[in-house]
Amino acid sequence: MSTDLIEIHFSLNGERKTIEVKPYHTLAQVLRDQLDLTGTKLCCEEGECGACTVILNEKAVTSCIVLAPEINGCELKTIEGLVQDGELDPVQEAFIEKGAVQCGYCIPGMIMSAKALLQENNDPCEADIREALAGNLCRCAGYYRIIDAVTSAGKQIREANAAKS
Amino acid sequence: MEFDVVGKDIKRTDALKKVTGTLDYVIDQKMQGMLYGKLLRSEHAHAKIVNVDASAAKEIPGVYDVITSTDLPQPVPRFGPIKQDQPLLADRVVNYHGEPVAVVLADSEEAAQKALKKIKVEYEKLPSVSKLDDALRADAPIVNPDSIGMYEELGSNICGNWKFGWGDVEAKNRASSFMLKNVYEFPMIHHFPIEPFSCICYPENGGVAIRSPIQHPFILRRVVAKALHMELSQVRVIGNAIGGGFGGKGYPKIEPLTAYLALHTGKPVKIVLSLEEGFFSARRSSSRVTMNTGFDLEGKIQFQDVKVEFLVGAYADTAPRVASKSSYLGCGPYVTPNARIDCRAVYSHTVPSTAFRGFGMPQIVWAVESQMNEASKVLGIDPLEIRLRNLPKKGEILVPGDRPVDGDWEQGLRKAAETIGWGTEKPDGIGRGIAIGIKNPIPASLSKSIVKLHADGSVTVSVGTSEMGQGARTTMGQIAAESIGVPMERVSLIMADTGAVPFDTATAGSRSTVAMGNAVVSACHDIKEQLTEMAHELFADGSQEEVVISRGTIEAYGKSLSYADILAEYFGPNMGEVVGNGTYKGSKIEGHPVGGKADFWEIVFTAAEVSVDTESGKVYTNKLVNVSDVGCIINPLQAEAQEEGAAIMGMGHTFMEQMVYDDSGRLVNGGALDYRVPTIMDIPAEFISKFIENRDGAGPFGAKGIGESGIIAIAPAVAAAVNDTLGIRFRQLPLSAENVWKELHRESK
């Protein structure tokens, strides 16, 4: 196993980044340990729980099973990149409003999965939401309020879009 | 009584940090010069440690040290909340698959991980027991022979035996018209918090500070101080926000070892466990409950003869208390004129079992309520009706010597029945079931609170309660804001830091709203009394007028002052504060079987509607209803969220969860791939949560506690619904598609 550092270039929350990574490090490790972006959480470390979900080239991925060199040339969005000009993202807003948060540990991953869904389809039905969040485990909240929050965020986004056009 | 803050859907005060990813859990924290610890765990259920060779591991760059039990002070320090029986590291013998044998300390997690693989342990395998009947065999290997404590029957694996009862079961046994005897089993379950177990310890003030997502900081402080021969004042526990606890993070796990390592090295030490290691740290006790019940022909219970057996792990943890306290309510929520309850906790070479949401009651209620459903069938009495005939009225005695019934339980049961459509026509293939869950909180507990009113009129509330997602940070703020009469935004909370807050027994047993809530209210009253005295002292000139304090304003002697005004008048500008002390002390009775009377009865009425795909055996829960008697809701949004979360967790042990040990005593399904918990795809199509609010609770504003209620009666309600449609009686969980299919297959033969 080569341990030589590899230089990678990518966009992180809209900013260009060049860093050196170990070839066997996961994206989650690099985010948390190298870049101090601990909003991305770790739990199962085998792509099953969704706590470490980030958006890579518009798709929700579990960063614990993405190797860091794979993100070279990619566009990466993490939970830290959702707040724009001091304003919460509609998904974050809706999670608070609908009481979808309890212990909060699964929430960043849950929000990133929801965000990826709404970027692709801002009018999802309940089945769409369930499918998009099927890989995000929550042990506290029972999921109903999370479905409500994503539904409500979609509505917010559609209304904002309509107001703009 | 109208409230300003209580009863309102106040948004969680910690939600902003949680949705932005800026709340630091312990796993996210670092300290200067910190060492990372990784644990090497036993491959065997039971084995002698012949030799540990760590020489190659110590050569790995970045490794600071490798420590085994022979490097620890001798005798090896042991810890535990009830019995001091669990060694910091396995002491000559490993007693369960996954027990920590050695710890690597390194300057990075990576180096520690690499070194783990270089440690060579030579074991001599010994016979082990991981199942109840094996552990009870006369020739069974003894699990915990070194630990002679308060409960063990020497020379057996019985960790404890408790007997409760009243009336004359023998006489009734001869006289009852109808008797029913069945055995109900409940599997081992893991808490599966999404936040891994983690802690950071560092030397501080000549002692040690422990930063941990711990539910009960004061128990952790006591256990560490005792294990390491320190004074309470030398151990500071800083309870961090918890990313899911459910009882699993209640009692000490890796903290005593980490605290020792910090003191030994003089450096901060961080240990984080993987999810798989979490399975090696905590679980629910599995159980076998034998119910022998006598009824008269009207379906009224004549006696209950209950034998409860809990399979606990290799060390006691808090399992003896789970066993004794839950079996104490072995007759469930019903008037039982004659009762005999015999409970045993049995050691095995498995992961130590501990508290888990419901504290043994889901296991007990699974048996009691399944038995009621079977009786209803045999006696030909509707399941709702047979319950109504046996349910005590408000003020009646449930358990002799304990708190009388403190709610209108019939109202709750009828509400659940009505919500599920009980008695209305059912479409083909639909089954309905109903069940009641009951629990008492922690008897003889203590909560203290300090509330400070500052010079600007803002308020700081100090409580030992921890924030584990249940929302105590918000509800305690609401209780204080309401009691002292300031807006919610002016109240700050300091929680769970033993160096800063006064004593609290535990964040468990659904007790905090009542116990700590009362302590906060009494601290706020203390402040108001002091303010009243201050007003008299400032303004009384001979005659004493009444002082009225309302919504942050003090009216007396023709004056109207804000809190800030009176503090400035009394202490001088920008100075001083008023400090209120509050205490809640639960009933403590010498010789009482569980230490004292219940603070309140936590009761839930659950109803389910299901259909079954008979091809696959999969059960679909179309509708699930929970009605809890909460007395008075402090925060409706959070109360409902607690009920939902608990119900879905209950769906887990009802349908899919079970820790499986193979014949050699190895856990085979620890981890997210092989142990499934409910996902968003598994929730019932419809879930309805309702509350009974009669303001008759022992807590602030008539509140009772919730948090656990939602989980307790899910399994028996769902199983009754499955029975209603299939006619098959399940006495063992989980009702997985595989298990249901097998039963269907058996029926058709």
# chains A, B, ... in the order shown; residues from 1 in each chain; ligands from 1

call {"tool": "interface_residues", "arguments": {"of": "chain A", "to": "chain B", "cutoff": "6 Å", "atoms": "only C-alpha atoms", "output": "list in words"}}
result
Thr38, Gly39, Cys43, Cys44, Gln92, Ile96, Gln102, Cys103, Gly104, Tyr105, Pro108, Arg130, Ala134, Leu137, Cys140, Ala141, Gly142 and Tyr143 of chain A

call {"tool": "residues_around", "arguments": {"residues": "stretch 69-79 of chain B", "least_positions_apart": "3", "cutoff": "8 Å", "atoms": "only C-alpha atoms", "output": "PDB file with C-alpha atoms, in the first residue's frame"}}
result
ATOM      1  CA  LYS B  83     -21.201  -4.235  42.181  1.00  0.00           C
ATOM      2  CA  GLN B  84     -17.581  -3.352  41.678  1.00  0.00           C
ATOM      3  CA  ASP B  85     -16.955  -6.328  39.411  1.00  0.00           C
ATOM      4  CA  GLN B  86     -15.840  -5.137  35.979  1.00  0.00           C
ATOM      5  CA  PRO B  87     -12.066  -4.826  35.566  1.00  0.00           C
ATOM      6  CA  LEU B  88     -10.633  -1.853  33.640  1.00  0.00           C
ATOM      7  CA  LEU B  89      -9.102  -4.471  31.334  1.00  0.00           C
ATOM      8  CA  ALA B  90      -9.730  -8.239  31.383  1.00  0.00           C
ATOM      9  CA  ASP B  91      -7.996  -9.577  34.472  1.00  0.00           C
ATOM     10  CA  ARG B  92      -6.281 -12.911  33.633  1.00  0.00           C
ATOM     11  CA  VAL B 101      -7.930  -7.030  26.862  1.00  0.00           C
ATOM     12  CA  ALA B 102      -5.415  -4.293  26.060  1.00  0.00           C
ATOM     13  CA  VAL B 223     -18.092   4.900  40.204  1.00  0.00           C
ATOM     14  CA  VAL B 224     -14.806   6.355  38.928  1.00  0.00           C
ATOM     15  CA  LYS B 226     -14.508   4.407  43.948  1.00  0.00           C
ATOM     16  CA  ALA B 227     -12.635   2.395  41.310  1.00  0.00           C
ATOM     17  CA  LEU B 228      -9.596   4.681  41.381  1.00  0.00           C
ATOM     18  CA  PRO B 256     -13.079   4.476  34.261  1.00  0.00           C
TER      19      PRO B 256
END

call {"tool": "residues_around", "arguments": {"residues": "A:Phe95", "least_positions_apart": "6", "cutoff": "8 Å", "atoms": "only C-alpha atoms", "output": "PyMOL selection string"}}
result
(chain A and resi 101+145-146+149-150) or (chain B and resi 19)

call {"tool": "write_last_selection", "arguments": {"atoms": "N, CA and C atoms", "output": "CSV table (one decimal), in the first residue's frame"}}
result
chain,number,residue,atom,x,y,z
A,101,VAL,N,-35.8,17.3,15.0
A,101,VAL,CA,-34.5,17.1,15.6
A,101,VAL,C,-34.6,16.6,17.1
A,145,ARG,N,-41.6,13.2,11.6
A,145,ARG,CA,-41.3,14.7,11.5
A,145,ARG,C,-40.2,15.0,10.5
A,146,ILE,N,-39.4,14.0,10.2
A,146,ILE,CA,-38.4,14.3,9.2
A,146,ILE,C,-39.1,14.3,7.8
A,149,ALA,N,-40.7,17.6,7.6
A,149,ALA,CA,-39.8,18.7,7.3
A,149,ALA,C,-39.3,18.8,5.9
A,150,VAL,N,-39.1,17.6,5.3
A,150,VAL,CA,-38.6,17.6,3.9
A,150,VAL,C,-39.7,18.1,3.0
B,19,VAL,N,-28.7,21.4,13.5
B,19,VAL,CA,-29.0,21.4,12.0
B,19,VAL,C,-27.8,22.0,11.2

call {"tool": "select_by_dssp", "arguments": {"residues": "stretch 6-121 of chain A", "states": "strand (DSSP E)", "output": "MDAnalysis selection string"}}
result
chainID A and resid 6:12 15:21 53:56 59:62 75:77

call {"tool": "atom_distance", "arguments": {"atom1": "atom CA of B:Ala698", "atom2": "atom CA of B:Val405"}}
result
11.9 Å

call {"tool": "residues_around", "arguments": {"residues": "B:Val610", "least_positions_apart": "3", "cutoff": "6 Å", "atoms": "only C-alpha atoms", "output": "list of chain:residue names"}}
result
B:Ile430, B:Gly431, B:Tyr620, B:Thr621, B:Asn622

call {"tool": "closest_residue", "arguments": {"among": "A:Lys164, A:Lys22, A:Asp4, A:Gly14", "to": "A:Gln84", "atoms": "only C-alpha atoms"}}
result
A:Gly14

call {"tool": "residues_around", "arguments": {"residues": "B:Ala598", "least_positions_apart": "6", "cutoff": "6 Å", "atoms": "only C-alpha atoms", "output": "list in words"}}
result
Arg403, Asn440 and Pro443 of chain B

call {"tool": "closest_residue", "arguments": {"among": "B:Asp382, B:Glu109, B:Asp406, B:Glu590", "to": "B:Ile271", "atoms": "only C-alpha atoms"}}
result
B:Glu109

call {"tool": "residues_around", "arguments": {"residues": "A:Asn13", "least_positions_apart": "2", "cutoff": "7 Å", "atoms": "only C-alpha atoms", "output": "NGL selection string"}}
result
:A and (11 or 15 or 76-78 or 81)

call {"tool": "residues_around", "arguments": {"residues": "stretch 68-75 of chain A", "least_positions_apart": "2", "cutoff": "10 Å", "atoms": "only C-alpha atoms", "output": "ChimeraX atom specification"}}
result
/A:5-31,55-59,63-66,77

call {"tool": "closest_residue", "arguments": {"among": "B:His349, B:Asp428, B:Gly206, B:Gly401", "to": "B:Gly591", "atoms": "only C-alpha atoms"}}
result
B:Gly401

call {"tool": "select_by_dssp", "arguments": {"residues": "stretch 308-554 of chain B", "states": "helix (DSSP H, G or I)", "output": "ChimeraX atom specification"}}
result
/B:319-328,361-379,383-390,409-420,472-484,488-490,512-539

call {"tool": "atom_distance", "arguments": {"atom1": "atom CA of B:Gly617", "atom2": "atom CA of B:Gly380"}}
result
27.1 Å

call {"tool": "atom_distance", "arguments": {"atom1": "atom CA of B:Asn574", "atom2": "atom CA of B:Ala455"}}
result
5.9 Å

call {"tool": "closest_residue", "arguments": {"among": "B:Gly699, B:Gly572, B:Gly670, B:Pro392", "to": "B:Thr513", "atoms": "only C-alpha atoms"}}
result
B:Gly699

call {"tool": "decode", "arguments": {"residues": "stretch 43-73 of chain A", "atoms": "N, CA and C atoms", "output": "PDB file, in the first residue's frame"}}
result
ATOM      1  N   CYS A  43     -20.537   7.115  12.164  1.00  0.00           N
ATOM      2  CA  CYS A  43     -21.135   6.096  13.040  1.00  0.00           C
ATOM      3  C   CYS A  43     -20.677   4.717  12.596  1.00  0.00           C
ATOM      4  N   CYS A  44     -21.281   4.163  11.525  1.00  0.00           N
ATOM      5  CA  CYS A  44     -21.025   2.750  11.204  1.00  0.00           C
ATOM      6  C   CYS A  44     -19.732   2.547  10.424  1.00  0.00           C
ATOM      7  N   GLU A  45     -19.295   3.557   9.711  1.00  0.00           N
ATOM      8  CA  GLU A  45     -18.085   3.502   8.878  1.00  0.00           C
ATOM      9  C   GLU A  45     -18.118   2.380   7.847  1.00  0.00           C
ATOM     10  N   GLU A  46     -19.329   2.000   7.426  1.00  0.00           N
ATOM     11  CA  GLU A  46     -19.432   1.019   6.346  1.00  0.00           C
ATOM     12  C   GLU A  46     -20.582   1.356   5.400  1.00  0.00           C
ATOM     13  N   GLY A  47     -20.943   2.648   5.368  1.00  0.00           N
ATOM     14  CA  GLY A  47     -21.933   3.088   4.384  1.00  0.00           C
ATOM     15  C   GLY A  47     -23.357   2.653   4.661  1.00  0.00           C
ATOM     16  N   GLU A  48     -23.659   2.277   5.908  1.00  0.00           N
ATOM     17  CA  GLU A  48     -24.993   1.751   6.224  1.00  0.00           C
ATOM     18  C   GLU A  48     -25.898   2.733   6.973  1.00  0.00           C
ATOM     19  N   CYS A  49     -25.300   3.714   7.681  1.00  0.00           N
ATOM     20  CA  CYS A  49     -26.142   4.514   8.580  1.00  0.00           C
ATOM     21  C   CYS A  49     -26.435   5.915   8.051  1.00  0.00           C
ATOM     22  N   GLY A  50     -25.618   6.416   7.129  1.00  0.00           N
ATOM     23  CA  GLY A  50     -25.900   7.702   6.502  1.00  0.00           C
ATOM     24  C   GLY A  50     -25.498   8.936   7.295  1.00  0.00           C
ATOM     25  N   ALA A  51     -24.913   8.758   8.501  1.00  0.00           N
ATOM     26  CA  ALA A  51     -24.571   9.925   9.324  1.00  0.00           C
ATOM     27  C   ALA A  51     -23.533  10.825   8.641  1.00  0.00           C
ATOM     28  N   CYS A  52     -22.721  10.243   7.764  1.00  0.00           N
ATOM     29  CA  CYS A  52     -21.614  10.995   7.148  1.00  0.00           C
ATOM     30  C   CYS A  52     -21.960  11.487   5.755  1.00  0.00           C
ATOM     31  N   THR A  53     -23.249  11.543   5.424  1.00  0.00           N
ATOM     32  CA  THR A  53     -23.661  11.900   4.059  1.00  0.00           C
ATOM     33  C   THR A  53     -23.229  13.320   3.676  1.00  0.00           C
ATOM     34  N   VAL A  54     -22.640  13.432   2.493  1.00  0.00           N
ATOM     35  CA  VAL A  54     -22.288  14.739   1.905  1.00  0.00           C
ATOM     36  C   VAL A  54     -22.808  14.724   0.458  1.00  0.00           C
ATOM     37  N   ILE A  55     -22.764  15.874  -0.181  1.00  0.00           N
ATOM     38  CA  ILE A  55     -23.214  15.912  -1.578  1.00  0.00           C
ATOM     39  C   ILE A  55     -21.998  16.057  -2.480  1.00  0.00           C
ATOM     40  N   LEU A  56     -21.797  15.049  -3.310  1.00  0.00           N
ATOM     41  CA  LEU A  56     -20.655  15.018  -4.209  1.00  0.00           C
ATOM     42  C   LEU A  56     -21.194  15.067  -5.634  1.00  0.00           C
ATOM     43  N   ASN A  57     -20.833  16.098  -6.367  1.00  0.00           N
ATOM     44  CA  ASN A  57     -21.367  16.292  -7.725  1.00  0.00           C
ATOM     45  C   ASN A  57     -22.878  16.091  -7.765  1.00  0.00           C
ATOM     46  N   GLU A  58     -23.563  16.776  -6.852  1.00  0.00           N
ATOM     47  CA  GLU A  58     -25.028  16.799  -6.814  1.00  0.00           C
ATOM     48  C   GLU A  58     -25.663  15.511  -6.280  1.00  0.00           C
ATOM     49  N   LYS A  59     -24.861  14.505  -5.948  1.00  0.00           N
ATOM     50  CA  LYS A  59     -25.436  13.255  -5.445  1.00  0.00           C
ATOM     51  C   LYS A  59     -25.066  13.078  -3.972  1.00  0.00           C
ATOM     52  N   ALA A  60     -26.019  12.556  -3.202  1.00  0.00           N
ATOM     53  CA  ALA A  60     -25.740  12.246  -1.800  1.00  0.00           C
ATOM     54  C   ALA A  60     -24.888  10.976  -1.732  1.00  0.00           C
ATOM     55  N   VAL A  61     -23.757  11.066  -1.040  1.00  0.00           N
ATOM     56  CA  VAL A  61     -22.901   9.881  -0.874  1.00  0.00           C
ATOM     57  C   VAL A  61     -22.498   9.767   0.597  1.00  0.00           C
ATOM     58  N   THR A  62     -22.203   8.546   1.027  1.00  0.00           N
ATOM     59  CA  THR A  62     -21.709   8.366   2.388  1.00  0.00           C
ATOM     60  C   THR A  62     -20.189   8.515   2.350  1.00  0.00           C
ATOM     61  N   SER A  63     -19.701   9.565   2.993  1.00  0.00           N
ATOM     62  CA  SER A  63     -18.289   9.923   2.844  1.00  0.00           C
ATOM     63  C   SER A  63     -17.355   8.940   3.543  1.00  0.00           C
ATOM     64  N   CYS A  64     -17.898   8.025   4.353  1.00  0.00           N
ATOM     65  CA  CYS A  64     -17.036   7.042   5.019  1.00  0.00           C
ATOM     66  C   CYS A  64     -16.590   5.940   4.069  1.00  0.00           C
ATOM     67  N   ILE A  65     -17.248   5.808   2.910  1.00  0.00           N
ATOM     68  CA  ILE A  65     -16.811   4.773   1.964  1.00  0.00           C
ATOM     69  C   ILE A  65     -16.384   5.371   0.621  1.00  0.00           C
ATOM     70  N   VAL A  66     -16.074   6.680   0.648  1.00  0.00           N
ATOM     71  CA  VAL A  66     -15.471   7.320  -0.527  1.00  0.00           C
ATOM     72  C   VAL A  66     -14.005   7.557  -0.186  1.00  0.00           C
ATOM     73  N   LEU A  67     -13.105   7.095  -1.024  1.00  0.00           N
ATOM     74  CA  LEU A  67     -11.689   7.374  -0.759  1.00  0.00           C
ATOM     75  C   LEU A  67     -11.374   8.811  -1.154  1.00  0.00           C
ATOM     76  N   ALA A  68     -10.569   9.456  -0.352  1.00  0.00           N
ATOM     77  CA  ALA A  68     -10.306  10.886  -0.555  1.00  0.00           C
ATOM     78  C   ALA A  68      -9.825  11.214  -1.973  1.00  0.00           C
ATOM     79  N   PRO A  69      -8.908  10.420  -2.563  1.00  0.00           N
ATOM     80  CA  PRO A  69      -8.445  10.786  -3.912  1.00  0.00           C
ATOM     81  C   PRO A  69      -9.565  10.787  -4.956  1.00  0.00           C
ATOM     82  N   GLU A  70     -10.642  10.056  -4.684  1.00  0.00           N
ATOM     83  CA  GLU A  70     -11.752   9.995  -5.642  1.00  0.00           C
ATOM     84  C   GLU A  70     -12.433  11.342  -5.843  1.00  0.00           C
ATOM     85  N   ILE A  71     -12.264  12.254  -4.904  1.00  0.00           N
ATOM     86  CA  ILE A  71     -12.992  13.521  -5.058  1.00  0.00           C
ATOM     87  C   ILE A  71     -12.210  14.547  -5.886  1.00  0.00           C
ATOM     88  N   ASN A  72     -11.065  14.133  -6.390  1.00  0.00           N
ATOM     89  CA  ASN A  72     -10.278  15.040  -7.231  1.00  0.00           C
ATOM     90  C   ASN A  72     -11.143  15.536  -8.396  1.00  0.00           C
ATOM     91  N   GLY A  73     -11.214  16.837  -8.554  1.00  0.00           N
ATOM     92  CA  GLY A  73     -11.990  17.425  -9.659  1.00  0.00           C
ATOM     93  C   GLY A  73     -13.487  17.505  -9.395  1.00  0.00           C
TER      94      GLY A  73
END
